[in-house]
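Asks: There's a structure below that I have some questions on.
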Amino acid sequence: MDDLLWARWLFGTSLAFHIVFAAVGVAMPLMMVAAEWRWRRTGDPAWGEVARRWAKGTAILFAVGAVSGTVIAFELGLLWPAFMRFAGGIIGMPFSLEGFAFFTEAIFLGIYLYGWERVSPRVHLVSGLLVAASGATSAFFVTLANGWMNRPSGFALAGGAPVEVDPLAAMFSPGWAEQVVHVLLSCYAATGFAVAGIHAFFLRRQPASGFPCRFHRRALSAALLVGGAAALLQPLSGDFSARRVARAQPAKLAALEGQFATERGAPLRIGGLPDVEARRTRWALEIRYGLSLLAFHDPTAEVKGLEAFPREEWPDPVKVHLAFQAMVGAGSAMALVALWGLFRALRRRELPAGRGFLLAVTLAGPLGFVALEAGWLVTEWGRQPFAIQGVLRTADSVTSVRGLAAPFWLFTALYVFLGAVTAVLLWRQILHAPRGEEGSP
Amino acid sequence: MTPAEILGAAMLGALVCYALFAGADFGGGIWDLLASGPRAREQRALVERAIGPIWEANHVWLVLVVVVLFTGFPPAFAAISTRLFAPLTLLLVGVVLRGAAFTFRSYDTPRDEVQRRWGLLFSASSVLAPLMLGVAVGQIASGSARALSLFPLLTGLFAAGLFAYLAATYLAVEAEGELREDFRRRAIAAGAAVFALAAAAAAASAREAPLVFRGLTARGWSLPLHLATGAAAVVAFGALFRRRFRLARLAAAVQVALIVVGWGASQYPWLVVPDLTFESASAPRRTQVLLAWALGVGALVLFPCLYLLFRVFKGEKPFSVMDRRP
């Protein structure tokens with residue numbers, strides 16, 4: 001492999017790893033504070049137990065997220081110095097603001113985690129809320145930067161260099177809102193479902209009464225509330241995002257739908273495998289007019305196919321299409337589980353507790369992160385060969401440093417190690433069912 | 001002041017804070033590695049207690065320096081990242097392992113051998129990170145492409161020694177009784193090592209980092225700055241000998257801050273020796289002005305929050321100079 005590919009592998013691996021912890025850092029504090037708030041209001045020790053255990057989980061996950069995020073900040077320069085030289089002055093602003101959000105997040109998480117006995121309940125709750133708000137703010141700013149890479153704005157080009165730079169216009173490039181909402185919802189949906197899946201798994205193995213059962217039920221209800229609400233809103237947000245992509249990045253839309261020819265009344269393809277040689281997508285379930293309808297809200301609208309673009313500017317339709325199908329499939333399954341829970345909850349005024357429902361939640365547990373990773377791959381692969389859409393190619397962004405295989409293996413080993421230890425510690429310390437009533441925060 | 005100078009000053013200020021706060025956390029890790037004597041276990045427990053709630057916040061200063069650098073001076077960020085690829089990569093490994101191992105130790109089983117294993121990883125990476133940070137600074141200052149030459153290696157050791165010294169003076173304030181004496185002795189020993197390493201690095205700079213050397217010796221402000229740094233060091237030592245621990249902590253912090261400022265001042269106006277100055281590496285003026293405003297407003301939020309953090313975990317007057325009479 002050449003160094004460009006190693007650089008992409010290293011950066012991709014770093015982001016794929018970090019993104020999990022970043023998403024948890026957005027959603028977990030909210031759930032943890034909600035549990036503590038319920039505990040303070042009701043005095044129910046099961047809620048206290050939920051709050052305490054979720055706080056421990058957050059502590060471990062946040063620490064790994066903080067250090068792996070630092071790696072990303074440095075890797076922007078270590079791997080993509082030409083990109084940073086071009087883009088730093090245009091789009092560095094949201095990163096700088098994110099630095100402050102990261103600061104308040106770390107400060108108030110310190111107070112929250114170590115301050116149970118040191119600050120008043122009110123200060124403790126507010127600290128937790130500030131952690132949750134800071135996490136969401138961080139995601140907001142970082143997504144703005146990614147949005148700009150998809151739809152660059154706020155500068156003009158003169159001889160290949162940016163001039164007339166307007167950092168505020170760059171920060172809020174057209175379509176920023178769609179992408180930010182989509183990303184934030186994905187964090188809440190993925191984290192909520194993952195946590196709900198874990199507690200549903202344990203609930204299925206618990207006797208239906210006693211403290212452990214109450215503990216897991218409380219946890220499940222809070223996690224499902226956050227994850228389910230986000231999963232129900234996400235298809236709506238996905239629709240807004242897709243229409244934005246259709247206008248701003250038509251090549252990406254063509255790749256993610258496996259659309260080769262430009263046509264009016266383009267079909268929506270479910271599944272299938274794009275065949276680049278034959279320039280068609282095989283074995284897909286085709287819904288006539290579906291794509292035109294979804295992308296432009298007009299069944300006869302013209303959808304540009306990949307063939308409308310120079311061959312060397314195509315993203316890889318196989319990867320992009322498959323990742324997109326994975327994202328939509330996982331997201332739809334989660335929305336269905338959320339609907340199931342919602343209907344039952346509305347009719348019986350409590351969360352369904354049947355084994356079938358618990359099994360569905362357990363199985364849906366990992367889907368949120370599948371969708372999140374797949375969605376991130378869609379947006380990154382779908383922009384290739386560009387790092388900045390239409391402006392700077394990834395191949396022109398890479399460092400001149402050679403031998404990038406070595407850091408790739410070094411960091412991959414590091415991530416495998418950190419991931420494994422994190423999983424073991426969460427399993428051992430947080431997930432084991434509490435045995436009795438004794439635990440109090 | 002131009003916007004570039006304001007941003008340069010802000011970066012230097014953030015670096016000073018990084019050294020004073022995160023540096024001391026790394027120093028704590030070094031003392032975990034070097035814990036010895038009958039109270040080795042208590043020494044480690046104190047380090048853990050001291051840095052537990054605050055290390056993540058202290059770490060953010062580094063992230064702030066990086067983002068201000070790449071927003072305000074993109075070509076400098078690109079040049080530094082390319083030239084310092086190896087030490088920065090190893091710095092990252094140190095930063096990642098230090099933070100992860102520290103957290104894993106807190107949440108893993110309290111069995112001795114498990115704790116020792118995490119402790120070793122935590123403390124070894126607490127040595128690696130400042131070492132590589134110092135090497136990187138040495139390379140930037142000397143304009144050297146090689147990490148493996150005398151001056152960067154000496155600045156690496158100097159940084160590690162400086163952080164250990166700082167941590168020992170902080171820990172002496174937070175300890176009591178015999179444990180306090182342990183860290184008092186460590187502070188004095190580390191201070192002596194810092195002095196020796198500083199002399200060696202200064203001598204090496206004559207050959208390898210002429211710009212720094214000239215800054216150290218020949219500029220108008222060199223002498224007063226050195227006198228002030230030296231005075232802070234003397235006060236710190238005197239206070240350590242007389243067991244005025246809070247005064248010693250303050251003097252050591254002033255000493256370290258002046259050393260960082262001295263480095264920055266001796267390098268000015270070069271941002272990356274010998275290619276880029278603050279002017280030539282500047283982002284568009286509009287970006288720099290906006291960034292400077294953002295930093296100003298951000299600081300108004302940040303400092304009260306930081307004060308609250310230290311107020312909660314370091315006692316009622318976290319930065320007080322006076323030792324309270326028992």
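Chain identifiers are assigned as A, B, and so on, following the order in which chains appear in the structure tokens; residues are numbered from 1 within each chain, and ligands are numbered from 1 in order of appearance.
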Can you list, as a PyMOL selection string, every protein, DNA or RNA residue that comes within 10 Å of region 231-234 of chain A when you count only C-alpha atoms, leaving out same-chain residues fewer than 4 positions away?
Replies: chain A and resi 181-190+192-193+224-227+238-240+331-339+342+368
Asks: Counting only C-alpha atoms, collect the residues of chain B whose closest atom lies at most 7 Å from chain A, and write them out as a VMD selection string.
Replies: chain B and resid 53 to 54 56 to 57 60 63 to 64 67 to 68 70 to 72 74 to 75 77 to 78 81 to 82 85 92 95 to 96 99 to 100 103 108 283 to 284 287 291 298 306 309 312
Asks: Could you save the residues just selected, with N, CA and C atoms, as a compact mmCIF listing (two decimals), in the first residue's frame?
Replies:
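Okay, out_1.txt is ready:
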# COMPACT_ATOMS: atom_id res chain seq x y z
N PRO B 53 -9.39 14.22 40.04
CA PRO B 53 -10.51 15.02 39.52
C PRO B 53 -10.10 16.07 38.49
N ILE B 54 -8.81 16.35 38.37
CA ILE B 54 -8.44 17.54 37.58
C ILE B 54 -7.62 17.26 36.32
N GLU B 56 -8.06 15.67 33.56
CA GLU B 56 -8.68 15.80 32.24
C GLU B 56 -8.84 17.27 31.86
N ALA B 57 -9.26 18.08 32.83
CA ALA B 57 -9.38 19.51 32.54
C ALA B 57 -8.01 20.11 32.22
N VAL B 60 -6.68 19.76 28.69
CA VAL B 60 -7.30 20.50 27.58
C VAL B 60 -6.44 21.68 27.13
N VAL B 63 -4.78 20.83 24.00
CA VAL B 63 -5.69 20.85 22.85
C VAL B 63 -5.93 22.29 22.41
N LEU B 64 -6.05 23.19 23.40
CA LEU B 64 -6.28 24.59 23.07
C LEU B 64 -5.10 25.17 22.29
N VAL B 67 -5.34 23.86 18.68
CA VAL B 67 -6.37 24.44 17.80
C VAL B 67 -6.09 25.92 17.51
N VAL B 68 -5.54 26.65 18.47
CA VAL B 68 -5.20 28.05 18.19
C VAL B 68 -4.09 28.11 17.16
N PHE B 70 -3.44 25.88 14.75
CA PHE B 70 -3.85 25.56 13.38
C PHE B 70 -4.90 26.51 12.83
N THR B 71 -5.59 27.23 13.71
CA THR B 71 -6.53 28.23 13.20
C THR B 71 -5.81 29.54 12.89
N GLY B 72 -4.94 29.95 13.78
CA GLY B 72 -4.29 31.26 13.64
C GLY B 72 -3.06 31.24 12.77
N PRO B 74 -1.90 28.42 10.31
CA PRO B 74 -1.96 27.09 9.68
C PRO B 74 -0.62 26.59 9.11
N PRO B 75 0.16 27.46 8.41
CA PRO B 75 1.41 26.92 7.85
C PRO B 75 2.37 26.44 8.95
N PHE B 77 1.50 25.14 11.84
CA PHE B 77 1.00 23.83 12.30
C PHE B 77 1.42 22.74 11.32
N ALA B 78 1.27 23.03 10.03
CA ALA B 78 1.65 22.03 9.02
C ALA B 78 3.14 21.73 9.11
N SER B 81 4.02 19.82 12.38
CA SER B 81 3.53 18.44 12.35
C SER B 81 4.38 17.57 11.43
N THR B 82 4.86 18.15 10.33
CA THR B 82 5.66 17.36 9.40
C THR B 82 7.06 17.11 9.97
N PHE B 85 7.22 14.80 13.30
CA PHE B 85 6.31 13.66 13.23
C PHE B 85 6.59 12.64 14.33
N LEU B 92 1.81 11.53 21.69
CA LEU B 92 0.42 11.07 21.70
C LEU B 92 0.29 9.72 22.39
N VAL B 95 0.44 10.40 25.99
CA VAL B 95 -0.78 11.06 26.49
C VAL B 95 -1.92 10.05 26.59
N VAL B 96 -2.06 9.22 25.56
CA VAL B 96 -3.17 8.24 25.54
C VAL B 96 -2.99 7.23 26.66
N GLY B 99 -3.45 8.74 30.36
CA GLY B 99 -4.84 8.97 30.75
C GLY B 99 -5.62 7.68 30.89
N ALA B 100 -5.45 6.79 29.92
CA ALA B 100 -6.22 5.55 29.95
C ALA B 100 -5.81 4.69 31.15
N THR B 103 -7.10 6.00 34.48
CA THR B 103 -8.54 5.74 34.66
C THR B 103 -8.79 4.26 34.89
N ASP B 108 -10.43 -0.54 37.93
CA ASP B 108 -10.17 -1.98 37.90
C ASP B 108 -10.21 -2.50 39.33
N ALA B 283 -2.73 33.27 9.57
CA ALA B 283 -3.98 33.06 8.84
C ALA B 283 -4.51 34.43 8.43
N PRO B 284 -5.54 34.47 7.57
CA PRO B 284 -6.14 35.77 7.23
C PRO B 284 -6.48 36.57 8.48
N THR B 287 -9.74 36.04 10.34
CA THR B 287 -9.78 34.84 11.18
C THR B 287 -9.08 35.10 12.51
N LEU B 291 -10.73 34.95 16.13
CA LEU B 291 -10.20 33.96 17.08
C LEU B 291 -9.78 34.63 18.38
N GLY B 298 -14.09 33.27 25.65
CA GLY B 298 -13.94 31.93 26.23
C GLY B 298 -13.25 31.97 27.57
N LEU B 306 -12.71 26.94 36.05
CA LEU B 306 -11.50 26.30 36.56
C LEU B 306 -11.32 26.58 38.05
N LEU B 309 -13.46 24.35 40.02
CA LEU B 309 -12.93 22.99 40.08
C LEU B 309 -11.87 22.87 41.18
N VAL B 312 -13.28 23.22 44.70
CA VAL B 312 -13.97 22.04 45.21
C VAL B 312 -12.97 20.99 45.68
Asks: Figure out the distance between CA of Ala22 (chain B) and CA of Thr412 (chain A), please, to one decimal in Å.
Replies: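 Between CA of Thr412 (chain A) and CA of Ala22 (chain B) the gap is 26.1 Å.
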Asks: Quick one: residues within 8 Å of Ser266 (chain B), only C-alpha atoms, excluding same-chain residues fewer than 2 positions away - as a list in words?
Replies: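 After dropping sequence-adjacent residues, the list is Leu211, Val212, Phe213, Arg214, Gly215, Leu216, Gly262, Trp263, Gly264 and Tyr268 of chain B.
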Asks: Write out as a list of chain:residue names which residues come within 6 Å of region 175-188 of chain B when counting only C-alpha atoms, dropping same-chain ones fewer than 5 positions away.
Replies: B:Tyr165, B:Ala168, B:Thr169
Asks: Would you write out those residues with N, CA and C atoms, as an mmCIF file, in the first residue's frame?
Replies:
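Now in again_37.cif:
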data_model
loop_
_atom_site.group_PDB
_atom_site.id
_atom_site.type_symbol
_atom_site.label_atom_id
_atom_site.label_comp_id
_atom_site.auth_asym_id
_atom_site.auth_seq_id
_atom_site.Cartn_x
_atom_site.Cartn_y
_atom_site.Cartn_z
ATOM 1 N N TYR B 165 9.697 18.355 39.548
ATOM 2 C CA TYR B 165 9.977 19.357 40.584
ATOM 3 C C TYR B 165 8.695 20.090 40.983
ATOM 4 N N ALA B 168 6.338 17.844 42.929
ATOM 5 C CA ALA B 168 6.753 17.595 44.310
ATOM 6 C C ALA B 168 6.407 18.785 45.204
ATOM 7 N N THR B 169 6.579 20.022 44.680
ATOM 8 C CA THR B 169 6.236 21.168 45.534
ATOM 9 C C THR B 169 4.726 21.245 45.759
#
Asks: What gap, in Å, lies between CA of Arg383 (chain A) and CA of Ser134 (chain A)?
Replies: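 Computing it gives 28.8 Å between the two atoms.
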Asks: Which neighbours of Ser144 (chain B) fall inside 12 Å, counting only C-alpha atoms, when residues of the same chain fewer than 3 positions from it are skipped, and could you give them as a ChimeraX atom specification?
Replies: /B:80,83-84,135-141,147-153,205,207-211,272-275
